[in-house]
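Enquirer: Mind looking over this structure? Questions follow.
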Amino acid sequence: EDVTTPTTAPTTEPTTAPTTEPTTEPTTAPTTAPTTATTAPTTPSSGSSQPTESSSQAGAASGWYADVISGAVYLTNYVKEKGLLPSSIPVGSYNLTPAQYLYLATQVVVALNKGKTSGDLSVPSYKEPSNPQETISGKGNLQMSEVATMAQKVVTFMESNGQGPNWMTSSLGTLQYENGIYMFSQPLVYYAQNGTLPATVEVDTWFKTTGGVPG
């Protein structure tokens with residue numbers, strides 16, 4: 001089941017994106033949504049690296065995982081302040097593109113959901129998608145089990161197609177690329193503050209998430 005359009009230049013774009021039901025049902029469903037980090041963002045430098053080690057904000061995670069979690073905090077604050085995704089996300093000693101960050105963030109979401117708190121991650125080169133689309137119509141909550149499943153599908157898609165997905169399919173509808181990146185950051189921000197993943201993740205349209213700034 002695809003989560004995005006393939007990279008092999010389809011002749012037509014679908015007018016509506018498919019939706020899917022979660023493959024697993026969670027055993028618990030508290031209503032707590034990921035909280036918003038309060039650390040003010042700093043704009044990445046134009047250089048090739050910018051260390052951002054922040055283990056105090058990474059719960060029990062360490063190494064690369066802690067760096068990616070710190071990147072999620074940065075990205076979340078940037079979106080809330082400026083109403084758009086940053087063009088560069090500091091992760092450890094790297095300034096990553098949104099596609100590179102998405103690839104790492106989804107891997108960390110999958111790993112943390114399995115109880116793994118550290119590991120080696122590579123920084124590949126991925127293209128940005130060209131035609132993001134969204135069908136989600138309003139605010140809702142996704143179970144963490146579904147978010148982890150979505151994250152694994154994104155990892156698989158990017159490794160197979162060499163680019164970020166145009167959209168990500170959820171039980172609430174499809175989230176466009178930018179909204180998906182923001183959504184996957186939210187459980188990592190929650191983890192930074194609480195040392196555990198949330199039971200649910202709140203999502204909304206990208207237009208509303210960015211305060212009415214078109215994405």
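Every chain in the structure tokens has a letter given in the order shown (A, B, ...), and although residue numbers restart at 1 in each chain, ligands are simply numbered from 1 in the order shown.
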Please return as an MDAnalysis selection string: the residues of region 71-118 of chain A that backbone DSSP assigns to strand (DSSP E or B).
Expert: chainID A and resid 89:91 94:96
Enquirer: Per residue of region 65-96 of chain A within 12 Å of region 108-124 of chain A, which atom pair is closest and at what distance in Å (one decimal), using only C-alpha atoms, listed by chain and increasing number, as CSV?
Expert:
residue,atom,partner,partner_atom,distance
A:Tyr65,CA,A:Ser118,CA,5.7
A:Ala66,CA,A:Ser118,CA,8.0
A:Asp67,CA,A:Val108,CA,10.3
A:Val68,CA,A:Val108,CA,7.6
A:Ile69,CA,A:Val108,CA,8.2
A:Ser70,CA,A:Val108,CA,11.8
A:Gly71,CA,A:Val108,CA,11.6
A:Ala72,CA,A:Val108,CA,10.8
A:Val91,CA,A:Val123,CA,10.1
A:Gly92,CA,A:Val123,CA,11.0
A:Ser93,CA,A:Val123,CA,11.1
A:Tyr94,CA,A:Val123,CA,8.8
A:Asn95,CA,A:Val123,CA,10.3
A:Leu96,CA,A:Val123,CA,8.3
Enquirer: Go ahead and write the residues just picked, C-alpha atoms, as a PDB file, in the first residue's frame.
Expert:
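Below is the file again.pdb, written as the result:
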ATOM      1  CA  TYR A  65      18.284   9.683  18.677  1.00  0.00           C
ATOM      2  CA  ALA A  66      18.800  12.565  21.119  1.00  0.00           C
ATOM      3  CA  ASP A  67      20.028  14.775  18.262  1.00  0.00           C
ATOM      4  CA  VAL A  68      16.952  14.014  16.142  1.00  0.00           C
ATOM      5  CA  ILE A  69      14.652  14.704  19.103  1.00  0.00           C
ATOM      6  CA  SER A  70      16.361  18.061  19.611  1.00  0.00           C
ATOM      7  CA  GLY A  71      15.784  18.744  15.908  1.00  0.00           C
ATOM      8  CA  ALA A  72      12.073  18.002  16.416  1.00  0.00           C
ATOM      9  CA  VAL A  91      20.505  17.707  13.965  1.00  0.00           C
ATOM     10  CA  GLY A  92      23.748  17.013  15.765  1.00  0.00           C
ATOM     11  CA  SER A  93      26.554  18.444  13.650  1.00  0.00           C
ATOM     12  CA  TYR A  94      24.419  18.542  10.491  1.00  0.00           C
ATOM     13  CA  ASN A  95      21.998  21.007   8.928  1.00  0.00           C
ATOM     14  CA  LEU A  96      19.437  18.738   7.294  1.00  0.00           C
TER      15      LEU A  96
END
Enquirer: So the first atom is CA of Leu84 (chain A) and the second is CA of Ser160 (chain A); what is the distance between them in Å, to one decimal place?
Expert: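 Computing the Euclidean distance for CA of Leu84 (chain A) and CA of Ser160 (chain A) yields 27.4 Å.
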Enquirer: Find the residues near Phe184 (chain A): any atom within 10 Å, counting only C-alpha atoms, skip ones fewer than 6 places away on the same chain, and give them as a ChimeraX atom specification.
Expert: /A:72,102,105-106,108-109,147-148,150-151,201,203
Enquirer: For the selection you just gave me, I'd like the residues written to a file as a tab-separated table (two decimals), in the first residue's frame, keeping C-alpha atoms.
Expert:
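part21.tsv, freshly written:
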chain	number	residue	atom	x	y	z
A	72	ALA	CA	12.07	18.00	16.42
A	102	LEU	CA	11.85	13.35	7.90
A	105	ALA	CA	12.63	11.40	12.48
A	106	THR	CA	10.43	8.58	11.22
A	108	VAL	CA	13.42	7.36	15.56
A	109	VAL	CA	9.62	7.28	15.99
A	147	VAL	CA	1.65	6.99	13.78
A	148	ALA	CA	4.41	4.38	14.14
A	150	MET	CA	2.79	5.50	9.11
A	151	ALA	CA	6.40	6.28	10.02
A	201	VAL	CA	-0.93	12.57	18.47
A	203	VAL	CA	-3.22	16.58	13.91
Enquirer: Going by DSSP on the backbone, which bits of region 53-183 of chain A are helix (DSSP H, G or I)? Write them as a ChimeraX atom specification, please.
Expert: /A:55-57,64-82,98-113,144-161,177-183
Enquirer: Restricting the calculation to only C-alpha atoms: of A:Thr205, A:Gln193, A:Ser62, A:Thr210, which residue gets closest to Gly83 (chain A)?
Expert: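 Of A:Thr205, A:Gln193, A:Ser62, A:Thr210, the one nearest Gly83 (chain A), counting only C-alpha atoms, is A:Thr210.
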Enquirer: Measuring between only C-alpha atoms, which one of A:Pro187, A:Pro86, A:Gly195, A:Gly140 shows the shortest distance to Leu172 (chain A)?
Expert: A:Gly140
Enquirer: Expressed in Å to a single decimal, how great is the separation between CA of Tyr191 (chain A) and CA of Asn179 (chain A)?
Expert: 19.2 Å
Enquirer: Closest to Lys208 (chain A) among A:Ile136, A:Ala99, A:Val73, A:Val154, using only C-alpha atoms?
Expert: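 Once distances to Lys208 (chain A) are computed over only C-alpha atoms, the minimum belongs to A:Ile136.
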